[in-house]
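Engineer: My file is data35.pdb. It has PDB, C-alpha atoms, pLDDT in the B column:
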```
ATOM      1  CA  MET A   1       0.000   0.000   0.000  1.00 70.00           C
ATOM      2  CA  LEU A   2       2.827   2.421   0.814  1.00 65.00           C
ATOM      3  CA  ALA A   3       4.534   1.727  -2.501  1.00 73.00           C
ATOM      4  CA  ALA A   4       1.605   3.002  -4.596  1.00 78.00           C
ATOM      5  CA  PRO A   5       2.381   6.436  -6.115  1.00 74.00           C
ATOM      6  CA  ALA A   6      -1.009   7.724  -4.981  1.00 74.00           C
ATOM      7  CA  ASN A   7       0.036   7.074  -1.377  1.00 78.00           C
ATOM      8  CA  ARG A   8       3.272   9.087  -1.468  1.00 79.00           C
ATOM      9  CA  ALA A   9       2.168  11.321   1.427  1.00 81.00           C
ATOM     10  CA  LEU A  10       1.238   8.281   3.502  1.00 84.00           C
ATOM     11  CA  MET A  11       4.612   6.670   2.818  1.00 83.00           C
ATOM     12  CA  ILE A  12       6.561   9.811   3.749  1.00 83.00           C
ATOM     13  CA  GLY A  13       4.461  10.288   6.885  1.00 86.00           C
ATOM     14  CA  TYR A  14       4.970   6.691   7.943  1.00 89.00           C
ATOM     15  CA  HIS A  15       8.740   6.851   7.427  1.00 88.00           C
ATOM     16  CA  CYS A  16       9.024  10.189   9.243  1.00 90.00           C
ATOM     17  CA  HIS A  17       7.049   8.801  12.143  1.00 92.00           C
ATOM     18  CA  GLN A  18       9.217   5.698  12.346  1.00 94.00           C
ATOM     19  CA  ARG A  19      12.403   7.774  12.149  1.00 94.00           C
ATOM     20  CA  ILE A  20      11.261  10.082  14.948  1.00 93.00           C
ATOM     21  CA  ILE A  21      10.425   7.099  17.163  1.00 95.00           C
ATOM     22  CA  GLU A  22      13.841   5.629  16.382  1.00 95.00           C
ATOM     23  CA  CYS A  23      15.549   8.884  17.408  1.00 94.00           C
ATOM     24  CA  TYR A  24      13.786   8.990  20.764  1.00 90.00           C
ATOM     25  CA  ARG A  25      14.504   5.301  21.459  1.00 92.00           C
ATOM     26  CA  MET A  26      18.252   5.594  20.914  1.00 91.00           C
ATOM     27  CA  ARG A  27      20.206   4.631  24.020  1.00 90.00           C
ATOM     28  CA  ASP A  28      23.005   6.970  22.971  1.00 92.00           C
ATOM     29  CA  ARG A  29      21.422  10.410  23.278  1.00 90.00           C
ATOM     30  CA  ALA A  30      24.111  12.056  21.152  1.00 93.00           C
ATOM     31  CA  GLN A  31      23.361   9.660  18.316  1.00 95.00           C
ATOM     32  CA  GLY A  32      19.606  10.215  18.727  1.00 93.00           C
ATOM     33  CA  ARG A  33      20.182  13.973  18.624  1.00 95.00           C
ATOM     34  CA  ALA A  34      22.267  13.683  15.468  1.00 96.00           C
ATOM     35  CA  MET A  35      19.616  11.538  13.795  1.00 96.00           C
ATOM     36  CA  MET A  36      16.824  13.964  14.734  1.00 95.00           C
ATOM     37  CA  SER A  37      18.859  16.929  13.543  1.00 95.00           C
ATOM     38  CA  SER A  38      19.513  15.131  10.268  1.00 94.00           C
ATOM     39  CA  LEU A  39      15.799  14.433   9.819  1.00 93.00           C
ATOM     40  CA  ILE A  40      14.839  18.044  10.530  1.00 94.00           C
ATOM     41  CA  HIS A  41      17.452  19.316   8.063  1.00 93.00           C
ATOM     42  CA  ALA A  42      16.404  16.779   5.407  1.00 91.00           C
ATOM     43  CA  LEU A  43      12.751  17.822   5.635  1.00 89.00           C
ATOM     44  CA  HIS A  44      13.730  21.488   5.465  1.00 89.00           C
ATOM     45  CA  GLN A  45      15.685  21.144   2.226  1.00 87.00           C
ATOM     46  CA  PRO A  46      14.053  22.876  -0.769  1.00 85.00           C
ATOM     47  CA  GLY A  47      12.079  20.393  -2.840  1.00 81.00           C
ATOM     48  CA  ALA A  48      12.315  17.608  -0.246  1.00 78.00           C
ATOM     49  CA  ILE A  49       8.550  17.470   0.165  1.00 79.00           C
ATOM     50  CA  LYS A  50       7.390  19.085  -3.043  1.00 80.00           C
ATOM     51  CA  GLY A  51       3.650  18.893  -3.621  1.00 80.00           C
ATOM     52  CA  LEU A  52       2.838  17.897  -0.039  1.00 82.00           C
ATOM     53  CA  PRO A  53       1.530  20.973   1.805  1.00 82.00           C
ATOM     54  CA  GLU A  54       0.942  19.055   5.059  1.00 81.00           C
ATOM     55  CA  PHE A  55       4.615  18.203   5.230  1.00 84.00           C
ATOM     56  CA  ALA A  56       5.582  21.772   4.412  1.00 85.00           C
ATOM     57  CA  VAL A  57       3.795  22.806   7.607  1.00 86.00           C
ATOM     58  CA  LEU A  58       5.498  19.986   9.531  1.00 87.00           C
ATOM     59  CA  SER A  59       8.865  20.977   8.113  1.00 89.00           C
ATOM     60  CA  ARG A  60       8.439  24.631   9.092  1.00 90.00           C
ATOM     61  CA  THR A  61       7.303  23.703  12.596  1.00 91.00           C
ATOM     62  CA  LEU A  62      10.192  21.299  13.153  1.00 92.00           C
ATOM     63  CA  TRP A  63      12.633  23.875  11.812  1.00 94.00           C
ATOM     64  CA  LYS A  64      11.303  26.664  14.045  1.00 95.00           C
ATOM     65  CA  ARG A  65      11.233  24.439  17.127  1.00 93.00           C
ATOM     66  CA  ARG A  66      14.446  22.507  16.431  1.00 93.00           C
ATOM     67  CA  ALA A  67      16.294  23.960  19.444  1.00 92.00           C
ATOM     68  CA  ASP A  68      13.493  22.790  21.759  1.00 89.00           C
ATOM     69  CA  ILE A  69      13.236  19.398  20.065  1.00 91.00           C
ATOM     70  CA  LEU A  70      16.965  18.784  20.161  1.00 92.00           C
ATOM     71  CA  ALA A  71      17.177  19.950  23.795  1.00 89.00           C
ATOM     72  CA  TYR A  72      15.361  16.747  24.763  1.00 87.00           C
ATOM     73  CA  PHE A  73      18.500  14.796  23.906  1.00 89.00           C
ATOM     74  CA  GLU A  74      20.677  16.974  26.141  1.00 86.00           C
ATOM     75  CA  HIS A  75      18.705  16.490  29.366  1.00 79.00           C
ATOM     76  CA  ASP A  76      17.959  13.177  31.043  1.00 75.00           C
ATOM     77  CA  HIS A  77      14.322  12.331  31.601  1.00 67.00           C
ATOM     78  CA  ALA A  78      12.999  15.491  29.969  1.00 66.00           C
ATOM     79  CA  SER A  79       9.234  15.503  29.701  1.00 74.00           C
ATOM     80  CA  ASN A  80       6.455  18.030  29.393  1.00 77.00           C
ATOM     81  CA  GLY A  81       4.060  15.604  31.086  1.00 81.00           C
ATOM     82  CA  PRO A  82       3.769  17.593  34.349  1.00 81.00           C
ATOM     83  CA  ALA A  83       3.088  20.818  32.456  1.00 82.00           C
ATOM     84  CA  GLU A  84       0.468  19.062  30.311  1.00 87.00           C
ATOM     85  CA  ALA A  85      -1.193  17.644  33.431  1.00 85.00           C
ATOM     86  CA  ILE A  86      -1.475  21.108  34.970  1.00 82.00           C
ATOM     87  CA  ASN A  87      -2.745  22.532  31.688  1.00 82.00           C
ATOM     88  CA  GLY A  88      -5.362  19.786  31.477  1.00 86.00           C
ATOM     89  CA  ARG A  89      -6.627  20.608  34.958  1.00 81.00           C
ATOM     90  CA  LEU A  90      -6.758  24.314  34.134  1.00 79.00           C
ATOM     91  CA  GLU A  91      -8.694  23.652  30.932  1.00 83.00           C
ATOM     92  CA  THR A  92     -11.161  21.453  32.820  1.00 82.00           C
ATOM     93  CA  LEU A  93     -11.520  24.120  35.469  1.00 77.00           C
ATOM     94  CA  ARG A  94     -12.082  26.801  32.853  1.00 76.00           C
ATOM     95  CA  GLY A  95     -14.902  24.712  31.425  1.00 79.00           C
ATOM     96  CA  ILE A  96     -16.421  24.110  34.846  1.00 73.00           C
ATOM     97  CA  ALA A  97     -16.253  27.790  35.792  1.00 70.00           C
ATOM     98  CA  MET A  98     -18.055  29.089  32.715  1.00 71.00           C
ATOM     99  CA  GLY A  99     -20.679  31.593  33.686  1.00 73.00           C
ATOM    100  CA  PHE A 100     -19.040  32.997  36.811  1.00 74.00           C
ATOM    101  CA  ARG A 101     -19.239  36.758  36.652  1.00 77.00           C
ATOM    102  CA  LYS A 102     -17.335  37.644  39.795  1.00 80.00           C
ATOM    103  CA  PRO A 103     -13.617  36.854  40.082  1.00 79.00           C
ATOM    104  CA  ALA A 104     -14.097  35.862  43.734  1.00 79.00           C
ATOM    105  CA  ASN A 105     -16.550  33.126  42.716  1.00 77.00           C
ATOM    106  CA  TYR A 106     -14.155  31.911  40.013  1.00 76.00           C
ATOM    107  CA  ILE A 107     -11.297  31.815  42.521  1.00 76.00           C
ATOM    108  CA  ALA A 108     -13.450  29.959  45.059  1.00 76.00           C
ATOM    109  CA  ARG A 109     -14.483  27.387  42.437  1.00 75.00           C
ATOM    110  CA  SER A 110     -10.847  27.050  41.349  1.00 73.00           C
ATOM    111  CA  LEU A 111      -9.713  26.362  44.894  1.00 75.00           C
ATOM    112  CA  LEU A 112     -12.554  23.927  45.470  1.00 75.00           C
ATOM    113  CA  HIS A 113     -11.796  21.999  42.278  1.00 71.00           C
ATOM    114  CA  SER A 114      -8.023  21.895  42.755  1.00 68.00           C
ATOM    115  CA  GLY A 115      -8.038  21.048  46.456  1.00 68.00           C
ATOM    116  CA  GLY A 116      -6.634  24.455  47.357  1.00 64.00           C
ATOM    117  CA  PHE A 117      -9.279  24.980  50.035  1.00 65.00           C
ATOM    118  CA  LYS A 118      -7.664  22.243  52.113  1.00 64.00           C
ATOM    119  CA  GLN A 119      -4.490  24.281  52.505  1.00 61.00           C
ATOM    120  CA  HIS A 120      -6.487  27.494  52.958  1.00 59.00           C
ATOM    121  CA  ILE A 121      -8.591  25.894  55.719  1.00 60.00           C
ATOM    122  CA  LEU A 122      -5.511  24.403  57.426  1.00 59.00           C
ATOM    123  CA  THR A 123      -3.770  27.759  57.364  1.00 64.00           C
ATOM    124  CA  HIS A 124      -6.878  29.453  58.765  1.00 56.00           C
ATOM    125  CA  ILE A 125      -7.171  26.832  61.559  1.00 56.00           C
ATOM    126  CA  GLN A 126      -3.499  27.205  62.450  1.00 61.00           C
ATOM    127  CA  GLN A 127      -3.812  30.993  62.596  1.00 63.00           C
ATOM    128  CA  THR A 128      -6.894  30.883  64.794  1.00 60.00           C
ATOM    129  CA  THR A 129      -5.431  28.325  67.227  1.00 62.00           C
ATOM    130  CA  HIS A 130      -2.178  30.263  67.658  1.00 62.00           C
ATOM    131  CA  THR A 131      -3.841  33.594  68.414  1.00 54.00           C
TER     132      THR A 131
END
```
Just give me the structure of the file as structure tokens.

Structural biologist:
Amino acid sequence: MLAAPANRALMIGYHCHQRIIECYRMRDRAQGRAMMSSLIHALHQPGAIKGLPEFAVLSRTLWKRRADILAYFEHDHASNGPAEAINGRLETLRGIAMGFRKPANYIARSLLHSGGFKQHILTHIQQTTHT
């Protein structure tokens, strides 16, 4: 199926995907970085993806973000997972809080949803017992 000329975009996408996975799975981070850099440069070459506008967008994005992408290979255990988890909670909260007109109500709902009231209540209890 990938060999059919009509499926050129599918073939290129599949091979790019496999190459990216291979880069991230390399035990030698320097070698993985070199492979990823090579892929980014190859996709950015004029005419490399002629007639495939989707890959032109991919190529531009990889080229613009290459420093960030390649930084992964310079730091052990780099992940944006924690940031994505926080962002996911904030997006959920934003959806839950639709319709609040007063910032105080939004803040209260935010604290309630995120568990922030627990710390606020504990702090309040500690302040009242020490005074």

Engineer: Decode the PyMOL selection byres ((chain A and resi 46-63) around 12) for the given file into explicit residues and return them as a PyMOL selection string.

Structural biologist: chain A and resi 6-14+16-17+20+36-45+64-70

Engineer: For Arg89 in chain A, which residue out of A:Arg33, A:Arg19, A:His113, A:Arg101 is the nearest one, using all atoms listed in the file?

Structural biologist: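 So, comparing all the options, the nearest one is A:His113.
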
Engineer: Go ahead and compute the interatomic distance for CA of Ile21 in chain A and CA of Glu91 in chain A, in Å to one decimal.

Structural biologist: 28.8 Å

Engineer: Would you pick out the contacts of Ile96 in chain A at 10 Å or less, using only C-alpha atoms, so that residues sharing its chain but fewer than 4 positions from it are not included, and give the list as a list of chain:residue names?

Structural biologist: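 Contacts, in chain order: A:Leu90, A:Glu91, A:Thr92, A:Phe100, A:Tyr106, A:Arg109, A:Ser110, A:His113.
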
Engineer: Just the number, please: distance in Å from CA of Cys23 in chain A to CA of Ala71 in chain A, one decimal.

Structural biologist: 12.9 Å

Engineer: Hey, can you check how far CA of Ile86 in chain A sits from CA of Arg29 in chain A?

Structural biologist: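 CA of Arg29 in chain A lies at a distance of 27.8 Å from CA of Ile86 in chain A.
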